[in-house]
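Undergrad: Contents of start-v7.txt (compact mmCIF, C-alpha atoms) are given next:
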# COMPACT_ATOMS: atom_id res chain seq x y z
CA MET A 1 49.44 -79.05 -214.85
CA LYS A 2 48.03 -75.59 -214.43
CA PRO A 3 48.82 -72.69 -216.80
CA ILE A 4 51.70 -70.38 -215.98
CA GLY A 5 51.19 -66.65 -215.63
CA LEU A 6 53.42 -63.69 -214.83
CA GLN A 7 52.77 -60.85 -212.42
CA LEU A 8 53.92 -57.89 -214.48
CA TYR A 9 55.23 -56.09 -211.39
CA THR A 10 58.26 -58.33 -211.90
CA LEU A 11 59.05 -56.39 -215.10
CA ARG A 12 57.75 -53.03 -213.88
CA ASP A 13 60.71 -50.96 -215.10
CA LEU A 14 60.62 -52.52 -218.56
CA CYS A 15 56.85 -52.06 -218.67
CA LYS A 16 57.22 -48.37 -217.84
CA GLU A 17 59.77 -47.92 -220.61
CA ASP A 18 58.05 -49.91 -223.36
CA PHE A 19 54.95 -51.82 -222.36
CA VAL A 20 53.87 -53.55 -225.57
CA PRO A 21 57.35 -54.87 -226.54
CA THR A 22 57.71 -56.17 -222.99
CA LEU A 23 54.40 -58.02 -223.27
CA ASP A 24 55.60 -59.44 -226.58
CA LYS A 25 58.74 -60.79 -224.88
CA VAL A 26 56.64 -62.38 -222.14
CA ALA A 27 54.50 -64.09 -224.78
CA LYS A 28 57.56 -65.32 -226.70
CA ILE A 29 59.03 -66.87 -223.53
CA GLY A 30 55.85 -68.94 -223.43
CA TYR A 31 53.75 -67.50 -220.61
CA LYS A 32 50.07 -68.16 -221.08
CA ALA A 33 48.75 -65.33 -218.94
CA VAL A 34 49.64 -62.08 -217.24
CA GLU A 35 48.52 -60.45 -214.02
CA PHE A 36 48.35 -56.67 -214.17
CA ALA A 37 49.79 -54.24 -211.66
CA GLY A 38 49.05 -50.99 -213.50
CA PHE A 39 48.34 -50.12 -217.13
CA HIS A 40 51.32 -47.84 -217.85
CA GLY A 41 49.41 -45.19 -219.75
CA MET A 42 47.35 -47.55 -221.90
CA THR A 43 43.60 -48.00 -221.72
CA PRO A 44 42.10 -51.39 -220.91
CA GLY A 45 40.65 -51.48 -224.42
CA GLU A 46 44.05 -50.91 -226.00
CA LEU A 47 45.60 -53.56 -223.80
CA ARG A 48 42.88 -56.07 -224.60
CA THR A 49 43.67 -55.72 -228.30
CA VAL A 50 47.40 -56.19 -227.68
CA LEU A 51 46.85 -59.24 -225.47
CA ASP A 52 44.53 -60.85 -228.00
CA ASP A 53 47.13 -60.32 -230.73
CA LEU A 54 49.85 -61.89 -228.55
CA GLY A 55 47.75 -64.83 -227.43
CA LEU A 56 47.94 -63.82 -223.77
CA THR A 57 45.06 -64.10 -221.34
CA VAL A 58 44.57 -62.10 -218.13
CA CYS A 59 44.50 -64.38 -215.12
CA SER A 60 43.88 -61.56 -212.65
CA ALA A 61 44.77 -57.98 -211.80
CA HIS A 62 46.15 -56.24 -208.72
CA MET A 63 44.02 -53.16 -208.19
CA PRO A 64 42.95 -50.91 -205.30
CA MET A 65 40.23 -52.11 -202.96
CA PRO A 66 36.83 -51.28 -204.51
CA THR A 67 35.10 -48.40 -202.77
CA ASP A 68 32.07 -46.22 -203.47
CA ALA A 69 34.42 -43.79 -205.21
CA ASN A 70 36.17 -46.19 -207.59
CA ALA A 71 33.97 -49.28 -207.96
CA ALA A 72 32.24 -48.30 -211.22
CA GLU A 73 35.52 -47.51 -212.99
CA THR A 74 37.21 -50.59 -211.56
CA ILE A 75 34.41 -52.89 -212.73
CA GLU A 76 34.47 -51.34 -216.21
CA GLN A 77 38.24 -51.79 -216.49
CA CYS A 78 38.08 -55.40 -215.34
CA GLN A 79 35.24 -56.28 -217.67
CA THR A 80 37.02 -54.72 -220.65
CA LEU A 81 40.17 -56.72 -219.93
CA GLY A 82 38.27 -59.91 -219.14
CA VAL A 83 39.40 -59.91 -215.52
CA SER A 84 37.23 -62.08 -213.29
CA ARG A 85 39.63 -62.06 -210.31
CA LEU A 86 40.55 -58.73 -208.74
CA VAL A 87 43.33 -59.01 -206.18
CA THR A 88 44.14 -56.46 -203.52
CA GLY A 89 45.79 -56.09 -200.12
CA PRO A 90 44.04 -56.34 -196.77
CA GLY A 91 43.09 -52.67 -196.75
CA GLY A 92 45.14 -51.41 -193.82
CA PRO A 93 47.39 -52.47 -190.94
CA ILE A 94 46.74 -55.92 -189.46
CA ARG A 95 48.85 -56.07 -186.29
CA THR A 96 45.92 -56.40 -183.88
CA VAL A 97 42.50 -58.05 -183.96
CA SER A 98 40.90 -54.60 -184.05
CA GLU A 99 42.96 -53.58 -187.07
CA VAL A 100 42.18 -56.83 -188.86
CA MET A 101 38.45 -56.39 -188.26
CA GLY A 102 38.70 -52.87 -189.63
CA CYS A 103 40.07 -54.38 -192.84
CA VAL A 104 37.30 -56.99 -192.80
CA GLU A 105 34.68 -54.23 -192.93
CA LYS A 106 36.36 -52.75 -196.01
CA GLN A 107 36.51 -56.16 -197.63
CA ARG A 108 32.82 -56.81 -196.96
CA LYS A 109 31.96 -53.47 -198.53
CA ALA A 110 34.13 -54.23 -201.57
CA VAL A 111 32.51 -57.63 -202.06
CA GLU A 112 29.09 -55.98 -201.93
CA LEU A 113 30.13 -53.41 -204.54
CA LEU A 114 31.32 -56.16 -206.90
CA LYS A 115 28.13 -58.22 -206.66
CA GLY A 116 26.60 -58.92 -210.05
CA SER A 117 29.73 -57.88 -211.95
CA GLY A 118 31.21 -61.35 -212.39
CA ILE A 119 34.35 -60.21 -210.55
CA ALA A 120 35.59 -61.98 -207.43
CA LEU A 121 37.69 -60.26 -204.78
CA GLY A 122 40.90 -61.85 -203.56
CA LEU A 123 43.64 -61.09 -201.05
CA HIS A 124 47.34 -61.20 -201.84
CA ASN A 125 49.46 -61.70 -198.76
CA HIS A 126 52.84 -60.53 -197.60
CA TRP A 127 54.42 -61.79 -194.38
CA GLN A 128 52.19 -59.82 -192.01
CA GLU A 129 49.12 -61.89 -192.83
CA PHE A 130 50.94 -64.93 -191.47
CA GLU A 131 52.26 -63.40 -188.28
CA ALA A 132 49.92 -64.03 -185.35
CA VAL A 133 47.99 -61.22 -183.71
CA PRO A 134 47.99 -61.08 -179.87
CA ASP A 135 45.24 -63.72 -179.50
CA GLY A 136 47.31 -66.23 -181.49
CA ARG A 137 45.29 -66.24 -184.70
CA LEU A 138 46.67 -65.40 -188.12
CA PRO A 139 45.25 -62.31 -189.85
CA GLU A 140 44.83 -64.32 -193.07
CA ASP A 141 42.62 -66.84 -191.28
CA ILE A 142 40.53 -64.16 -189.58
CA MET A 143 39.87 -62.38 -192.89
CA LEU A 144 39.03 -65.51 -194.87
CA GLN A 145 36.74 -66.79 -192.13
CA SER A 146 35.03 -63.41 -191.73
CA VAL A 147 34.41 -62.83 -195.45
CA PRO A 148 33.46 -66.16 -197.06
CA GLU A 149 33.28 -64.61 -200.53
CA LEU A 150 37.01 -63.80 -200.54
CA PHE A 151 39.53 -65.97 -202.30
CA ALA A 152 43.21 -66.17 -201.43
CA GLU A 153 46.05 -65.53 -203.82
CA LEU A 154 48.63 -67.24 -201.65
CA ASP A 155 52.14 -65.88 -202.04
CA VAL A 156 54.14 -68.91 -200.96
CA TYR A 157 57.38 -66.99 -200.40
CA TRP A 158 55.85 -64.44 -198.05
CA VAL A 159 53.98 -67.20 -196.22
CA THR A 160 57.42 -68.63 -195.45
CA VAL A 161 58.89 -65.28 -194.41
CA GLY A 162 55.90 -64.89 -192.08
CA GLY A 163 57.03 -67.99 -190.23
CA GLN A 164 54.58 -70.52 -191.64
CA GLU A 165 55.32 -73.73 -193.51
CA PRO A 166 54.26 -73.20 -197.14
CA VAL A 167 53.33 -76.79 -198.04
CA ALA A 168 51.10 -77.10 -194.98
CA THR A 169 49.60 -73.64 -195.53
CA VAL A 170 48.73 -74.29 -199.17
CA GLY A 171 47.25 -77.62 -198.18
CA ARG A 172 45.23 -76.08 -195.35
CA LEU A 173 43.84 -73.21 -197.41
CA LYS A 174 43.63 -74.94 -200.78
CA LYS A 175 39.84 -74.70 -201.06
CA ARG A 176 40.13 -70.90 -200.93
CA ALA A 177 43.23 -70.55 -203.15
CA PRO A 178 42.60 -70.56 -206.91
CA LEU A 179 45.80 -68.57 -207.52
CA LEU A 180 49.31 -69.20 -206.21
CA HIS A 181 52.05 -66.60 -206.36
CA ILE A 182 55.21 -68.54 -207.07
CA LYS A 183 58.43 -66.88 -205.99
CA ASP A 184 61.70 -68.19 -204.61
CA GLY A 185 64.75 -67.01 -202.72
CA LEU A 186 66.66 -67.28 -199.48
CA VAL A 187 63.60 -66.46 -197.32
CA GLU A 188 65.35 -63.33 -196.13
CA PRO A 189 63.43 -60.15 -197.02
CA ARG A 190 66.58 -58.05 -197.31
CA GLN A 191 68.07 -60.35 -199.94
CA PRO A 192 67.06 -60.32 -203.61
CA MET A 193 64.82 -63.14 -204.77
CA LYS A 194 66.00 -65.86 -207.11
CA PRO A 195 64.55 -67.43 -210.26
CA ILE A 196 62.10 -70.17 -209.38
CA GLY A 197 63.89 -73.39 -208.48
CA GLN A 198 67.08 -71.66 -207.34
CA GLY A 199 66.02 -70.74 -203.82
CA LYS A 200 65.00 -72.57 -200.67
CA LEU A 201 61.36 -73.31 -201.43
CA ASP A 202 60.34 -76.85 -202.43
CA MET A 203 58.14 -75.96 -205.39
CA PRO A 204 57.08 -79.51 -206.35
CA LYS A 205 55.73 -80.12 -202.84
CA ILE A 206 54.15 -76.66 -202.56
CA ILE A 207 52.37 -76.91 -205.90
CA GLY A 208 51.44 -80.51 -205.19
CA ALA A 209 49.65 -79.42 -202.02
CA ALA A 210 47.16 -77.28 -203.97
CA ASP A 211 43.70 -78.54 -204.86
CA PRO A 212 43.74 -79.38 -208.59
CA GLU A 213 40.00 -78.74 -208.80
CA ILE A 214 40.35 -75.24 -207.33
CA LEU A 215 43.76 -74.05 -208.56
CA GLU A 216 43.58 -72.07 -211.80
CA TYR A 217 47.00 -70.45 -212.33
CA LEU A 218 50.56 -70.51 -211.08
CA ILE A 219 51.74 -66.90 -211.23
CA VAL A 220 55.45 -66.10 -211.17
CA GLU A 221 56.39 -62.94 -209.29
CA LEU A 222 59.86 -61.76 -208.31
CA ASP A 223 59.88 -58.49 -206.38
CA SER A 224 63.62 -58.15 -206.97
CA CYS A 225 66.38 -60.34 -208.36
CA GLU A 226 70.16 -60.49 -208.64
CA ILE A 227 70.03 -60.92 -212.42
CA PRO A 228 68.16 -58.91 -215.07
CA PRO A 229 64.44 -59.47 -214.47
CA LEU A 230 63.66 -60.72 -217.98
CA GLU A 231 66.35 -63.39 -217.58
CA ALA A 232 64.88 -64.38 -214.22
CA VAL A 233 61.40 -64.56 -215.76
CA GLU A 234 62.64 -66.87 -218.51
CA GLN A 235 64.64 -69.07 -216.12
CA SER A 236 61.58 -69.37 -213.89
CA TYR A 237 59.46 -70.40 -216.86
CA ASN A 238 62.04 -72.96 -217.95
CA TYR A 239 62.12 -74.51 -214.48
CA LEU A 240 58.38 -74.70 -213.90
CA VAL A 241 57.50 -75.93 -217.39
CA GLY A 242 60.61 -78.08 -217.76
CA GLN A 243 59.89 -79.85 -214.47
CA GLY A 244 56.29 -80.49 -215.45
CA LEU A 245 54.97 -78.22 -212.70
CA ALA A 246 53.15 -75.78 -215.00
CA ALA A 247 51.82 -75.62 -218.55
CA GLY A 248 53.17 -73.01 -220.95
CA ASN A 249 52.98 -72.18 -224.64
CA ARG A 250 56.62 -73.15 -225.33
CA ALA A 251 58.07 -76.58 -224.69
CA VAL A 252 61.30 -76.74 -222.66
Using structure tokens, write down the structure that the file contains.

TA:
Amino acid sequence: MKPIGLQLYTLRDLCKEDFVPTLDKVAKIGYKAVEFAGFHGMTPGELRTVLDDLGLTVCSAHMPMPTDANAAETIEQCQTLGVSRLVTGPGGPIRTVSEVMGCVEKQRKAVELLKGSGIALGLHNHWQEFEAVPDGRLPEDIMLQSVPELFAELDVYWVTVGGQEPVATVGRLKKRAPLLHIKDGLVEPRQPMKPIGQGKLDMPKIIGAADPEILEYLIVELDSCEIPPLEAVEQSYNYLVGQGLAAGNRAV
């Protein structure tokens, strides 16, 4: 079993209101790690102290694509927090081969800027990465093939919305996917998501398709939900840990 983490975007409103108490609640539920999506007015140094006190590790962080303008600050922030996996989006629209290759150039530049820092660059997908461009290829495949240094943080829900089969996709890309974003729902973007295990995705098969030698974390993320987000976060933890699909700090 791989450790369970939480993408803090799931609790973004609570984090904005009271960040440290929210982190405390995440730790008490039993999550082993968190993935950042903003620092909510705190410095990386302050957050590192809080996380150490709560027994939480940082599995990764969603941050802007490194550029000449922001790379030094980004590297410093990651190193202070202990982040070795920086996750970002493709860097622009990806509807055509030309647009995808424009993103590839930004990704290559970002990888070059991170060299020697101990920080790897990864791509988090939405549905567009798994919708074919006019020549029939998937943008996700083009980017991963063009930039071998990239890793994939595969969001299994959005893979499905994009029209691809998640078990097959995780199995196909497992050597490049050390992080899985675990989310569930009705596979209908206009509908709220559901706590893990209450939607349409077959999580045991999806997680089972990953490479156990490559996979590092299962990261829960719910962009929206029908119930209060903290309840959804706890129910998701209870399902994944209770079913033996992930390892947490609290037995279920």

Undergrad: How big is the axis-aligned box, and where does its centre sit, when it encloses all atoms of stretch 244-249 of chain A listed in the file and has 5 Å added on every side, reported in Å to one decimal as lines of an AutoDock Vina configuration file?

TA:
center_x = 54.1
center_y = -76.3
center_z = -218.7
size_x = 14.5
size_y = 18.3
size_z = 21.9

Undergrad: Contacts of A:Lys2 at 12 Å or less, counting all atoms listed in the file, minus same-chain residues fewer than 3 places along, as a list in words?

TA: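 So the residues in contact are Gly5, Tyr31, Lys32, Ala33, Cys59, Pro178, Leu179, Leu180, Ile207, Gly208, Ala210, Asp211, Pro212, Glu213, Ile214, Leu215, Glu216, Tyr217, Leu218, Ile219, Leu240, Val241, Gly244, Leu245, Ala246, Ala247, Gly248 and Asn249 of chain A.
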
Undergrad: Work out how far apart atom CA of A:Val34 and atom CA of A:Ile196 are and give it in Å to one decimal.

TA: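 We find that atom CA of A:Val34 and atom CA of A:Ile196 lie 16.8 Å from each other.
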
Undergrad: Within 12 Å of (28.9, -48.1, -209.4) (coordinates as in the file), grab all the protein and nucleic acid residues, counting only C-alpha atoms, and write them out as an MDAnalysis selection string.

TA: chainID A and resid 66:76 110 112:117

Undergrad: Which residues, written as a PyMOL selection string, have at least one atom at most 12 Å from A:Gln235, with only C-alpha atoms counted and residues fewer than 6 positions away on the same chain left out?

TA: chain A and resi 29-31+184+194-198+220+222+225+227-229+241-243+252

Undergrad: Might you pull out every residue within 10 Å of stretch 162-175 of chain A, with all atoms listed in the file counted and same-chain residues fewer than 3 positions away left off, and present them as a PyMOL selection string?

TA: chain A and resi 125-132+140-141+144+151-152+154-159+178-180+187+201-215

Undergrad: Under the rule that only C-alpha atoms are counted, which of A:Cys15, A:Leu8, A:Ala177, A:Val26 is the nearest residue to A:Met42?

TA: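 Distance minimum relative to A:Met42 lands on A:Cys15.
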
Undergrad: Point out the residue among A:Ile94, A:Pro139, A:Leu23, A:Arg190 with the least atom-to-atom distance to A:Gly55, counting all atoms listed in the file.

TA: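 Among the listed residues, the smallest separation from A:Gly55 belongs to A:Leu23.
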
Undergrad: I need the residue nearest A:Leu54 from this list: A:Ser146, A:Gln107, A:Thr22, A:Gln7. Use all atoms listed in the file for the distance.

TA: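 Result for the nearest residue to A:Leu54: A:Thr22.
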
Undergrad: Figure out the distance between atom CA of A:Glu149 and atom CA of A:Pro134, please, to one decimal in Å.

TA: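 These atoms are spaced 25.6 Å apart.
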
Undergrad: Any idea what's packed within 12 Å of A:Arg48, counting all atoms listed in the file, ignoring anything in its chain fewer than 3 positions away? Could you give it as a list of chain:residue names?

TA: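 So, after excluding close chain neighbours, the residues are A:Val20, A:Leu23, A:Val34, A:Phe36, A:Phe39, A:Met42, A:Thr43, A:Pro44, A:Gly45, A:Leu51, A:Asp52, A:Asp53, A:Leu54, A:Gly55, A:Leu56, A:Thr57, A:Val58, A:Gln77, A:Cys78, A:Gln79, A:Thr80, A:Leu81, A:Gly82, A:Val83.
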
Undergrad: Report the distance between atom CA of A:Glu188 and atom CA of A:Glu221 in Å, rounded to one decimal place.

TA: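 Straight-line distance from atom CA of A:Glu188 to atom CA of A:Glu221 works out to 15.9 Å.
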
Undergrad: Name all residues at most 8 Å from A:Gly122 (count only C-alpha atoms; drop same-chain ones fewer than 6 positions away) and give them as a list in words.

TA: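 My reading of the contact set: Arg85, Leu86, Val87, Thr88, Leu150, Phe151, Ala152 and Glu153 of chain A.
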
Undergrad: Pick the closest to A:Met143 from A:Leu121, A:Gly41, A:Val104, A:Asp13: which is it, counting all atoms listed in the file?

TA: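 Ranking A:Leu121, A:Gly41, A:Val104, A:Asp13 by distance to A:Met143, first place goes to A:Val104.
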